>>> print(open('model-v5.csv').read())   # CSV, C-alpha atoms and all ligand atoms
chain,number,residue,atom,x,y,z
U,1,MET,CA,137.2,-156.2,20.4
U,2,GLY,CA,139.6,-158.9,21.4
U,3,LYS,CA,142.8,-159.0,23.3
U,4,SER,CA,145.5,-156.4,22.2
U,5,ILE,CA,149.1,-156.7,21.4
U,6,VAL,CA,151.5,-153.9,22.1
U,7,VAL,CA,154.6,-153.6,19.9
U,8,LEU,CA,157.6,-151.7,21.4
U,9,ASN,CA,160.7,-150.5,19.7
U,10,ALA,CA,162.9,-148.9,22.4
U,11,GLY,CA,165.8,-146.7,21.3
U,12,SER,CA,168.3,-144.7,23.3
U,13,SER,CA,166.0,-141.7,23.9
U,14,SER,CA,162.7,-142.8,22.4
U,15,ILE,CA,160.2,-145.7,22.5
U,16,LYS,CA,158.0,-146.2,19.5
U,17,PHE,CA,154.8,-148.2,20.1
U,18,GLU,CA,151.9,-149.6,18.2
U,19,VAL,CA,148.8,-151.4,19.5
U,20,PHE,CA,147.0,-154.1,17.5
U,21,ASP,CA,143.6,-155.7,18.1
U,22,THR,CA,143.6,-159.5,17.6
U,23,SER,CA,139.9,-160.1,17.2
U,24,ALA,CA,139.7,-160.2,13.4
U,25,GLU,CA,140.2,-163.8,12.4
U,26,ALA,CA,142.5,-163.3,9.4
U,27,ALA,CA,144.4,-160.1,10.2
U,28,LEU,CA,145.6,-158.0,13.0
U,29,THR,CA,144.0,-154.5,13.1
U,30,ARG,CA,146.1,-151.5,14.0
U,31,ARG,CA,144.4,-149.4,16.7
U,32,PHE,CA,147.0,-146.9,17.9
U,33,GLU,CA,150.6,-145.8,17.2
U,34,GLY,CA,152.8,-143.4,18.9
U,35,LEU,CA,156.1,-142.3,20.3
U,36,ILE,CA,157.7,-141.2,23.6
U,37,GLU,CA,160.7,-139.2,22.7
U,38,GLY,CA,163.2,-137.1,24.7
U,39,ILE,CA,163.6,-139.8,27.3
U,40,GLY,CA,166.3,-138.6,29.7
U,41,THR,CA,165.8,-135.0,28.9
U,42,ALA,CA,162.3,-133.6,28.3
U,43,PRO,CA,160.0,-136.5,27.4
U,44,ARG,CA,157.0,-136.0,25.1
U,45,PHE,CA,154.3,-138.6,24.6
U,46,VAL,CA,152.2,-138.6,21.4
U,47,ALA,CA,149.5,-141.2,20.5
U,48,LYS,CA,147.8,-141.3,17.1
U,49,ASP,CA,144.9,-143.2,15.5
U,50,PRO,CA,145.6,-145.4,12.5
U,51,GLN,CA,144.8,-142.4,10.2
U,52,GLY,CA,147.7,-140.5,11.8
U,53,GLN,CA,145.4,-138.1,13.8
U,54,VAL,CA,146.9,-137.1,17.2
U,55,ILE,CA,144.6,-138.3,19.9
U,56,HIS,CA,146.7,-137.7,23.0
U,57,GLU,CA,149.8,-135.6,23.7
U,58,THR,CA,151.7,-134.8,26.9
U,59,SER,CA,155.1,-133.6,27.8
U,60,TRP,CA,156.8,-133.4,31.1
U,61,ALA,CA,159.8,-131.4,32.2
U,62,THR,CA,163.4,-132.4,32.7
U,63,GLY,CA,164.2,-133.2,36.3
U,64,GLN,CA,160.9,-134.6,37.1
U,65,PRO,CA,161.3,-138.0,38.8
U,66,GLY,CA,162.2,-140.8,36.6
U,67,THR,CA,162.7,-139.4,33.1
U,68,ASN,CA,163.9,-142.8,31.9
U,69,HIS,CA,162.5,-145.8,30.0
U,70,ALA,CA,160.6,-147.1,33.0
U,71,ALA,CA,158.9,-143.8,33.6
U,72,ALA,CA,158.1,-143.5,29.9
U,73,LEU,CA,156.5,-147.0,29.9
U,74,GLU,CA,154.6,-146.2,33.1
U,75,HIS,CA,153.1,-143.2,31.2
U,76,LEU,CA,152.2,-145.4,28.2
U,77,VAL,CA,150.6,-148.1,30.3
U,78,ALA,CA,148.6,-145.5,32.3
U,79,TRP,CA,147.2,-144.0,29.0
U,80,LEU,CA,146.6,-147.3,27.3
U,81,ASP,CA,144.8,-149.1,30.1
U,82,PRO,CA,141.4,-147.4,29.8
U,83,GLN,CA,141.6,-147.8,26.0
U,84,LEU,CA,141.6,-151.6,26.2
U,85,ASP,CA,138.4,-153.5,26.9
U,86,GLU,CA,138.3,-156.2,29.6
U,87,ALA,CA,140.0,-158.7,27.3
U,88,GLY,CA,143.2,-156.8,28.1
U,89,LEU,CA,146.6,-157.5,26.7
U,90,LEU,CA,147.6,-160.7,25.0
U,91,GLY,CA,151.3,-159.8,25.2
U,92,VAL,CA,154.0,-157.3,24.3
U,93,GLY,CA,156.2,-157.8,21.3
U,94,HIS,CA,159.7,-156.2,21.3
U,95,ARG,CA,162.1,-155.5,18.6
U,96,VAL,CA,165.6,-156.8,19.6
U,97,VAL,CA,168.3,-155.9,17.2
U,98,HIS,CA,170.7,-158.8,18.0
U,99,GLY,CA,170.0,-162.4,18.8
U,100,GLY,CA,173.4,-163.8,18.0
U,101,LEU,CA,173.6,-167.3,16.7
U,102,ALA,CA,171.5,-168.8,19.5
U,103,TYR,CA,168.2,-167.0,18.8
U,104,SER,CA,166.9,-167.8,15.3
U,105,GLU,CA,163.2,-167.5,16.2
U,106,ALA,CA,161.0,-165.0,18.1
U,107,LEU,CA,160.4,-166.3,21.7
U,108,VAL,CA,158.7,-165.5,25.0
U,109,ILE,CA,161.4,-164.2,27.3
U,110,ASP,CA,162.2,-164.6,30.9
U,111,GLU,CA,164.8,-163.2,33.2
U,112,ALA,CA,167.4,-165.8,32.2
U,113,ILE,CA,167.0,-165.1,28.5
U,114,LEU,CA,167.1,-161.4,29.1
U,115,ASN,CA,170.4,-161.7,31.0
U,116,ASP,CA,171.7,-163.9,28.2
U,117,LEU,CA,170.8,-161.2,25.6
U,118,GLU,CA,173.1,-158.8,27.4
U,119,ARG,CA,176.0,-160.7,25.7
U,120,PHE,CA,175.2,-159.0,22.5
U,121,VAL,CA,175.4,-155.4,23.8
U,122,PRO,CA,179.0,-155.0,22.5
U,123,LEU,CA,177.8,-156.1,19.1
U,124,ALA,CA,175.0,-153.5,18.9
U,125,PRO,CA,176.0,-150.8,21.4
U,126,LEU,CA,173.6,-148.2,20.0
U,127,HIS,CA,170.5,-150.4,20.0
U,128,GLN,CA,170.7,-153.6,22.2
U,129,PRO,CA,171.0,-151.9,25.7
U,130,HIS,CA,167.9,-149.8,25.0
U,131,ASN,CA,165.9,-152.7,23.5
U,132,LEU,CA,166.6,-154.7,26.7
U,133,ALA,CA,165.8,-151.7,28.9
U,134,GLY,CA,162.4,-151.5,27.2
U,135,ILE,CA,161.7,-155.2,27.9
U,136,ARG,CA,162.7,-154.9,31.6
U,137,ALA,CA,160.5,-151.8,32.0
U,138,ALA,CA,157.5,-153.5,30.3
U,139,ALA,CA,157.9,-156.7,32.3
U,140,ALA,CA,158.0,-154.6,35.5
U,141,PHE,CA,154.8,-152.6,34.7
U,142,LEU,CA,152.8,-155.4,33.1
U,143,ARG,CA,153.4,-158.3,35.5
U,144,GLY,CA,152.0,-161.5,34.2
U,145,VAL,CA,151.8,-160.2,30.6
U,146,PRO,CA,154.1,-162.3,28.3
U,147,GLN,CA,157.0,-160.4,26.7
U,148,VAL,CA,158.1,-161.6,23.3
U,149,ALA,CA,161.5,-160.8,21.7
U,150,CYS,CA,161.7,-160.6,17.9
U,151,PHE,CA,165.2,-160.4,16.5
U,152,ASP,CA,166.5,-158.4,13.6
U,153,THR,CA,169.1,-161.1,13.0
U,154,ALA,CA,166.7,-164.1,13.0
U,155,PHE,CA,165.6,-164.1,9.3
U,156,HIS,CA,169.3,-164.4,8.3
U,157,ARG,CA,170.0,-167.5,10.4
U,158,ARG,CA,168.6,-169.9,7.8
U,159,ARG,CA,171.0,-168.8,5.1
U,160,PRO,CA,174.0,-170.8,3.8
U,161,PRO,CA,176.7,-170.9,6.5
U,162,ILE,CA,179.4,-169.6,4.1
U,163,ALA,CA,177.6,-166.2,4.2
U,164,ASP,CA,178.2,-166.0,7.9
U,165,ARG,CA,182.0,-166.4,7.6
U,166,PHE,CA,184.9,-164.0,8.0
U,167,ALA,CA,188.3,-165.2,6.8
U,168,ILE,CA,189.7,-165.2,10.4
U,169,PRO,CA,191.0,-168.0,12.5
U,170,ASP,CA,188.5,-170.6,13.5
U,171,GLU,CA,188.6,-170.0,17.2
U,172,LEU,CA,187.3,-166.4,16.7
U,173,HIS,CA,184.6,-167.7,14.3
U,174,SER,CA,183.5,-170.2,17.0
U,175,GLU,CA,183.5,-167.4,19.6
U,176,GLY,CA,180.8,-165.7,17.4
U,177,VAL,CA,182.8,-163.3,15.3
U,178,GLN,CA,180.7,-163.9,12.3
U,179,ARG,CA,178.4,-162.1,9.8
U,180,TYR,CA,174.9,-161.9,11.2
U,181,GLY,CA,172.9,-159.5,9.1
U,182,PHE,CA,170.2,-157.1,10.4
U,183,HIS,CA,166.8,-155.5,9.3
U,184,GLY,CA,165.6,-159.1,9.3
U,185,LEU,CA,162.0,-158.2,10.5
U,186,SER,CA,161.7,-155.8,7.5
U,187,TYR,CA,163.0,-158.5,5.1
U,188,GLU,CA,160.7,-161.1,6.5
U,189,TYR,CA,157.7,-158.8,6.1
U,190,VAL,CA,158.6,-157.8,2.5
U,191,ALA,CA,159.3,-161.5,1.6
U,192,GLY,CA,155.8,-162.3,2.9
U,193,ALA,CA,154.2,-159.4,1.1
U,194,LEU,CA,155.9,-160.4,-2.2
U,195,ALA,CA,153.7,-163.4,-2.4
U,196,GLU,CA,150.7,-161.1,-2.7
U,197,VAL,CA,152.2,-158.1,-4.5
U,198,ALA,CA,154.4,-159.9,-7.0
U,199,PRO,CA,153.7,-163.6,-6.9
U,200,GLU,CA,155.6,-164.1,-10.2
U,201,ILE,CA,158.9,-163.4,-8.5
U,202,ALA,CA,158.1,-164.6,-4.9
U,203,GLY,CA,159.7,-168.0,-5.6
U,204,GLY,CA,162.7,-166.4,-7.5
U,205,ARG,CA,165.9,-164.5,-6.8
U,206,VAL,CA,165.3,-161.0,-5.4
U,207,VAL,CA,167.3,-158.3,-3.7
U,208,VAL,CA,165.4,-156.2,-1.2
U,209,ALA,CA,167.0,-152.7,-0.6
U,210,HIS,CA,166.0,-151.5,2.9
U,211,LEU,CA,167.0,-147.8,2.5
U,212,GLY,CA,166.3,-145.8,5.6
U,213,ASN,CA,168.4,-143.9,8.1
U,214,GLY,CA,169.9,-147.4,8.6
U,215,ALA,CA,170.4,-149.1,5.3
U,216,SER,CA,171.1,-152.6,4.1
U,217,MET,CA,170.3,-155.0,1.2
U,218,CYS,CA,169.4,-158.7,1.3
U,219,ALA,CA,169.5,-161.4,-1.3
U,220,ILE,CA,166.4,-163.7,-0.9
U,221,ARG,CA,165.8,-166.8,-3.0
U,222,ASP,CA,162.4,-168.5,-2.7
U,223,GLY,CA,161.6,-166.5,0.4
U,224,ARG,CA,164.7,-167.4,2.3
U,225,ALA,CA,167.7,-165.3,3.1
U,226,VAL,CA,170.9,-165.9,1.0
U,227,ASP,CA,173.2,-163.1,2.1
U,228,SER,CA,173.1,-159.5,3.2
U,229,THR,CA,175.3,-156.4,3.2
U,230,MET,CA,175.4,-156.1,7.0
U,231,GLY,CA,177.8,-158.2,9.0
U,232,PHE,CA,179.0,-158.6,12.6
U,233,THR,CA,177.4,-155.2,13.5
U,234,ALA,CA,174.9,-152.9,11.8
U,235,LEU,CA,177.9,-150.8,10.5
U,236,ASP,CA,178.8,-152.9,7.5
U,237,GLY,CA,177.7,-152.6,3.9
U,238,LEU,CA,175.9,-149.5,2.6
U,239,PRO,CA,176.7,-146.0,3.8
U,240,MET,CA,173.9,-144.9,6.1
U,241,GLY,CA,172.7,-141.6,7.7
U,242,THR,CA,175.6,-141.5,10.1
U,243,ARG,CA,177.2,-145.0,9.8
U,244,CYS,CA,180.1,-145.6,7.6
U,245,GLY,CA,179.1,-148.8,5.8
U,246,ALA,CA,181.9,-151.0,4.4
U,247,ILE,CA,185.4,-149.8,5.4
U,248,ASP,CA,188.8,-151.4,5.1
U,249,PRO,CA,189.7,-152.5,8.7
U,250,GLY,CA,193.2,-151.1,7.9
U,251,VAL,CA,191.6,-147.7,8.3
U,252,LEU,CA,190.9,-148.5,12.0
U,253,LEU,CA,194.5,-149.5,12.5
U,254,TYR,CA,195.7,-146.3,10.9
U,255,LEU,CA,193.4,-144.2,13.1
U,256,MET,CA,194.7,-145.9,16.3
U,257,GLN,CA,198.3,-145.5,15.2
U,258,GLU,CA,198.3,-142.1,13.7
U,259,HIS,CA,195.5,-140.3,15.5
U,260,GLY,CA,195.7,-142.1,18.8
U,261,MET,CA,192.0,-142.9,18.7
U,262,ASP,CA,190.7,-145.3,21.3
U,263,ARG,CA,187.6,-147.6,21.1
U,264,ALA,CA,185.2,-144.9,22.1
U,265,ALA,CA,186.5,-142.3,19.6
U,266,ILE,CA,186.4,-144.9,16.8
U,267,GLU,CA,182.9,-146.0,17.8
U,268,ALA,CA,181.6,-142.4,17.7
U,269,LEU,CA,183.3,-141.8,14.3
U,270,LEU,CA,181.9,-144.9,12.7
U,271,TYR,CA,178.4,-144.9,14.1
U,272,LYS,CA,177.6,-141.2,14.5
U,273,ARG,CA,179.9,-139.0,12.3
U,274,SER,CA,180.2,-141.0,9.1
U,275,GLY,CA,177.9,-142.0,6.3
U,276,LEU,CA,175.8,-139.4,4.5
U,277,LEU,CA,176.5,-136.9,7.3
U,278,GLY,CA,180.2,-137.6,7.2
U,279,ILE,CA,180.6,-137.1,3.4
U,280,SER,CA,178.2,-134.1,3.1
U,281,GLY,CA,179.0,-132.3,6.3
U,282,VAL,CA,175.4,-131.1,5.9
U,283,SER,CA,172.9,-133.7,7.1
U,284,ASN,CA,172.2,-137.4,7.6
U,285,ASP,CA,168.7,-136.8,6.2
U,286,MET,CA,168.2,-137.6,2.5
U,287,ARG,CA,165.5,-134.9,2.1
U,288,GLU,CA,167.9,-132.3,3.4
U,289,LEU,CA,170.7,-133.5,1.1
U,290,GLN,CA,168.4,-133.4,-1.9
U,291,ALA,CA,167.4,-129.9,-1.1
U,292,SER,CA,171.0,-128.7,-0.5
U,293,ALA,CA,173.1,-126.8,-3.0
U,294,GLU,CA,176.3,-127.9,-1.3
U,295,PRO,CA,178.5,-130.0,-3.7
U,296,ARG,CA,179.4,-132.4,-0.9
U,297,ALA,CA,175.6,-133.2,-0.4
U,298,ALA,CA,175.5,-134.2,-4.0
U,299,LEU,CA,178.6,-136.3,-3.5
U,300,ALA,CA,177.0,-138.1,-0.5
U,301,ILE,CA,174.0,-139.0,-2.7
U,302,ASP,CA,176.2,-140.1,-5.5
U,303,TYR,CA,178.2,-142.3,-3.2
U,304,PHE,CA,175.0,-143.8,-1.7
U,305,VAL,CA,173.7,-144.7,-5.2
U,306,TYR,CA,177.1,-146.0,-6.3
U,307,ARG,CA,177.4,-148.4,-3.3
U,308,ILE,CA,173.9,-149.7,-3.7
U,309,GLY,CA,174.7,-150.6,-7.3
U,310,ARG,CA,177.9,-152.3,-6.3
U,311,GLU,CA,176.2,-154.3,-3.6
U,312,LEU,CA,173.4,-155.2,-5.9
U,313,GLY,CA,175.8,-156.7,-8.4
U,314,ALA,CA,177.5,-158.7,-5.6
U,315,LEU,CA,174.2,-160.0,-4.1
U,316,ALA,CA,172.9,-160.9,-7.6
U,317,ALA,CA,176.1,-162.9,-8.0
U,318,THR,CA,175.4,-164.9,-4.8
U,319,MET,CA,172.2,-166.1,-6.4
U,320,GLY,CA,173.5,-166.5,-10.0
U,321,GLY,CA,171.1,-163.8,-11.3
U,322,LEU,CA,168.3,-161.5,-10.4
U,323,ASP,CA,164.5,-161.7,-11.0
U,324,GLY,CA,163.4,-158.8,-8.9
U,325,LEU,CA,164.6,-155.7,-7.1
U,326,ILE,CA,162.5,-154.3,-4.2
U,327,PHE,CA,162.8,-150.9,-2.6
U,328,THR,CA,161.6,-150.3,1.0
U,329,ALA,CA,162.0,-148.0,4.1
U,330,GLY,CA,162.0,-144.2,4.2
U,331,ILE,CA,164.3,-143.5,1.2
U,332,GLY,CA,163.3,-146.7,-0.7
U,333,GLU,CA,159.6,-145.9,-0.4
U,334,ASN,CA,159.7,-142.1,-0.9
U,335,ALA,CA,162.8,-141.0,-2.9
U,336,ALA,CA,161.7,-141.6,-6.5
U,337,GLU,CA,164.9,-140.0,-7.8
U,338,ILE,CA,167.2,-142.4,-5.9
U,339,ARG,CA,165.1,-145.4,-7.1
U,340,ALA,CA,165.4,-144.1,-10.7
U,341,ARG,CA,169.2,-143.8,-10.5
U,342,VAL,CA,169.6,-147.3,-8.9
U,343,CYS,CA,167.3,-148.8,-11.6
U,344,ARG,CA,169.1,-147.1,-14.5
U,345,ASP,CA,172.4,-148.3,-13.1
U,346,ALA,CA,170.9,-151.8,-12.9
U,347,ALA,CA,170.0,-151.9,-16.6
U,348,TRP,CA,172.8,-154.5,-17.1
U,349,LEU,CA,170.9,-156.8,-14.8
U,350,GLY,CA,167.8,-156.5,-16.9
U,351,VAL,CA,166.0,-153.7,-15.0
U,352,GLU,CA,164.1,-151.3,-17.3
U,353,LEU,CA,162.6,-148.5,-15.3
U,354,ASP,CA,159.0,-147.2,-15.9
U,355,GLU,CA,159.5,-143.5,-15.1
U,356,ALA,CA,155.8,-142.7,-14.7
U,357,ALA,CA,155.1,-145.7,-12.5
U,358,ASN,CA,158.2,-144.9,-10.4
U,359,ARG,CA,157.0,-141.3,-9.8
U,360,GLU,CA,153.7,-142.8,-8.6
U,361,ARG,CA,155.4,-145.2,-6.3
U,362,GLY,CA,154.5,-148.4,-8.2
U,363,PRO,CA,154.1,-150.8,-6.7
U,364,ARG,CA,155.7,-152.1,-10.0
U,365,ILE,CA,158.2,-149.5,-11.2
U,366,SER,CA,159.7,-151.5,-14.2
U,367,THR,CA,158.2,-151.7,-17.7
U,368,ALA,CA,156.0,-154.7,-18.7
U,369,VAL,CA,158.9,-156.0,-20.8
U,370,SER,CA,161.6,-155.5,-18.2
U,371,ARG,CA,163.5,-158.9,-17.8
U,372,THR,CA,164.0,-158.2,-14.1
U,373,SER,CA,161.1,-156.4,-12.4
U,374,ALA,CA,161.5,-153.6,-9.8
U,375,TRP,CA,159.0,-152.8,-7.1
U,376,VAL,CA,158.2,-150.5,-4.1
U,377,ILE,CA,156.9,-152.4,-1.1
U,378,PRO,CA,156.4,-150.4,2.1
U,379,THR,CA,157.8,-152.3,5.0
U,380,ASP,CA,156.0,-152.9,8.3
U,381,GLU,CA,158.3,-154.2,10.9
U,382,GLU,CA,155.8,-153.6,13.7
U,383,LEU,CA,153.1,-155.7,12.0
U,384,GLN,CA,155.7,-158.5,11.6
U,385,ILE,CA,156.5,-158.3,15.4
U,386,ALA,CA,152.8,-158.4,16.2
U,387,ARG,CA,152.4,-161.5,13.9
U,388,HIS,CA,155.2,-163.3,15.8
U,389,THR,CA,153.7,-162.3,19.1
U,390,LEU,CA,150.3,-163.5,18.1
U,391,ALA,CA,151.6,-166.8,16.7
U,392,LEU,CA,153.5,-167.5,19.9
U,393,LEU,CA,150.8,-166.6,22.4
U,394,SER,CA,147.6,-167.8,20.8
A,401,LIG,P1,163.6,-144.5,7.9
A,401,LIG,O1,164.8,-144.7,8.8
A,401,LIG,O2,163.1,-145.7,7.2
A,401,LIG,O3,162.4,-143.7,8.6
A,401,LIG,O4,164.0,-143.5,6.7
A,401,LIG,C1,164.5,-142.2,7.0
A,401,LIG,C2,165.1,-141.6,5.7
A,401,LIG,O5,164.1,-141.5,4.7
A,401,LIG,C3,165.7,-140.2,5.9
A,401,LIG,O6,166.9,-140.1,5.3
A,401,LIG,C4,164.6,-139.4,5.2
A,401,LIG,O7,165.2,-138.2,4.6
A,401,LIG,C5,164.2,-140.3,4.0
A,401,LIG,N1,163.0,-139.9,3.4
A,401,LIG,C6,161.7,-139.9,3.9
A,401,LIG,N2,160.9,-139.3,3.0
A,401,LIG,C7,161.6,-139.0,2.0
A,401,LIG,C8,161.3,-138.3,0.7
A,401,LIG,N3,160.0,-138.0,0.4
A,401,LIG,N4,162.3,-138.1,-0.2
A,401,LIG,C9,163.5,-138.4,0.1
A,401,LIG,N5,163.9,-139.1,1.3
A,401,LIG,C10,162.9,-139.3,2.2
>>> encode(input="model-v5.csv", output="structure tokens", more="lines below")
Ligand code: AMP
Amino acid sequence: MGKSIVVLNAGSSSIKFEVFDTSAEAALTRRFEGLIEGIGTAPRFVAKDPQGQVIHETSWATGQPGTNHAAALEHLVAWLDPQLDEAGLLGVGHRVVHGGLAYSEALVIDEAILNDLERFVPLAPLHQPHNLAGIRAAAAFLRGVPQVACFDTAFHRRRPPIADRFAIPDELHSEGVQRYGFHGLSYEYVAGALAEVAPEIAGGRVVVAHLGNGASMCAIRDGRAVDSTMGFTALDGLPMGTRCGAIDPGVLLYLMQEHGMDRAAIEALLYKRSGLLGISGVSNDMRELQASAEPRAALAIDYFVYRIGRELGALAATMGGLDGLIFTAGIGENAAEIRARVCRDAAWLGVELDEAANRERGPRISTAVSRTSAWVIPTDEELQIARHTLALLS
């Protein structure tokens, strides 16, 4: 066994982790994955082997000292330490949602960079503070082990500048009020996987639909980002589990004027009470919506599919056409009915669905004669983070 890489994805009340071994020459090997959830209330730690078997589980009660990110990390490190051989840790790779304009590549972080990344907290209030708390905690417990930040915005930074623009005065644009795009680690992984799974379209014009609890779509030409549905924050574009997606900014002015809503109230509405949950009043979870008999649950699914089709047309237009459509993330990988509806609506773009292949999850889900091919490619953001970490540290 060689040195290990730990990948951390720290959220508000949970830290997801994966551990990779770096000894295989060509590939990183996954050794463990797990989750610490309930941070701040009643934390629970679960570690699994790569086959998904639980190999360690503990929980500790509310009110015990330090039920925060640092305590959660301490627990993880204490468990992990005896599992590693003397080669130890090569580094820790962190998912960081926002790198602004300045951070267009993954990099090894120090205290100055960490402080600089605080600038983006108002742009990603639900993710960025927790991502940074995770880095601080890991740096404190693993002194001397390099910490690498991998940004969800970075993949989009090489796209044509016009895609970054809002039609607002230049001084605001220069201040950074621009369209950034997110889910970049997922798109980068899928763009790389395309070369193996579907080499015939890897150099062409594709749209990747990352449809999970967070959802966005990205136009990619010849492996490089062209445009995406997400903008300044991770609110724009498609409706999501609880986030609104595209909304006329005039609605916000109306809510302030007529409902006296302040920033915090609007933030809670747009991030937590909208999207599939807002429309359905039932759930933010696609499986629950599909199982529900409530008409508004069906409406939420209809709206989700409708907006995907609308954005698909817009993104295809940015590339002057479409050669491939790729589905990924929780809904994209598992919800065959949603894929089928999106593909049927995309018949005008040359997509011809293969119903049987779609039920079996592809990977190719379009017929052999389909002018535009459609695919299911499972995403692996953690592996992408581990790859960046290895590339920077080896
Ligand atoms: P993610 O954020 O990528 O983990 O995706 C979470 C979303 O995927 C939730 O809305 C889940 O309901 C949805 N999902 C996962 N498995 C299925 C499935 N078999 N059918 C429909 N939706 C699913």
>>> residues_near_ligand(input="model-v5.csv", ligand="ligand LIG 401 (chain A)", cutoff="6 Å", atoms="all atoms listed in the file", output="list in words")
Gly212, Asn213, Gly214, Asp285, Met286, Arg287, Ala329, Gly330, Ile331, Asn334 and Ala335 of chain U
>>> closest_residue(input="model-v5.csv", among="U:Val206, U:Leu393, U:Met261, U:Ala195", to="Leu89 of chain U", atoms="all atoms listed in the file")
U:Leu393
>>> atom_distance(input="model-v5.csv", atom1="atom CA of Gly321 of chain U", atom2="atom CA of Phe232 of chain U")
25.7 Å
>>> closest_atom_pairs(input="model-v5.csv", of="segment 293-374 of chain U", to="segment 171-192 of chain U", cutoff="10 Å", atoms="all atoms listed in the file", output="tab-separated table")
residue	atom	partner	partner_atom	distance
U:Ile326	CA	U:Val190	CA	8.5
U:Phe327	CA	U:Val190	CA	9.6
U:Thr328	CA	U:Val190	CA	8.2
U:Ala329	CA	U:Ser186	CA	8.5
>>> residues_around(input="model-v5.csv", residues="Ala70 of chain U", least_positions_apart="5", cutoff="9 Å", atoms="all atoms listed in the file", output="list in words")
His75, Ala133, Gly134, Arg136, Ala137, Ala138, Ala140 and Phe141 of chain U
>>> residues_around(input="model-v5.csv", residues="Val207 of chain U", least_positions_apart="5", cutoff="10 Å", atoms="all atoms listed in the file", output="mmCIF file with C-alpha atoms, in the coordinates of the input")
data_model
loop_
_atom_site.group_PDB
_atom_site.id
_atom_site.type_symbol
_atom_site.label_atom_id
_atom_site.label_comp_id
_atom_site.auth_asym_id
_atom_site.auth_seq_id
_atom_site.Cartn_x
_atom_site.Cartn_y
_atom_site.Cartn_z
ATOM 1 C CA TYR U 187 163.000 -158.500 5.100
ATOM 2 C CA MET U 217 170.300 -155.000 1.200
ATOM 3 C CA CYS U 218 169.400 -158.700 1.300
ATOM 4 C CA ALA U 219 169.500 -161.400 -1.300
ATOM 5 C CA ILE U 220 166.400 -163.700 -0.900
ATOM 6 C CA ARG U 221 165.800 -166.800 -3.000
ATOM 7 C CA ALA U 225 167.700 -165.300 3.100
ATOM 8 C CA VAL U 226 170.900 -165.900 1.000
ATOM 9 C CA ASP U 227 173.200 -163.100 2.100
ATOM 10 C CA SER U 228 173.100 -159.500 3.200
ATOM 11 C CA GLU U 311 176.200 -154.300 -3.600
ATOM 12 C CA LEU U 312 173.400 -155.200 -5.900
ATOM 13 C CA GLY U 313 175.800 -156.700 -8.400
ATOM 14 C CA LEU U 315 174.200 -160.000 -4.100
ATOM 15 C CA ALA U 316 172.900 -160.900 -7.600
ATOM 16 C CA MET U 319 172.200 -166.100 -6.400
ATOM 17 C CA LEU U 322 168.300 -161.500 -10.400
ATOM 18 C CA ASP U 323 164.500 -161.700 -11.000
ATOM 19 C CA GLY U 324 163.400 -158.800 -8.900
ATOM 20 C CA LEU U 325 164.600 -155.700 -7.100
ATOM 21 C CA ILE U 326 162.500 -154.300 -4.200
ATOM 22 C CA PHE U 327 162.800 -150.900 -2.600
ATOM 23 C CA ALA U 374 161.500 -153.600 -9.800
#
>>> closest_residue(input="model-v5.csv", among="U:Glu33, U:Asp164, U:Asp116, U:Asp152", to="Gly231 of chain U", atoms="all atoms listed in the file")
U:Asp164
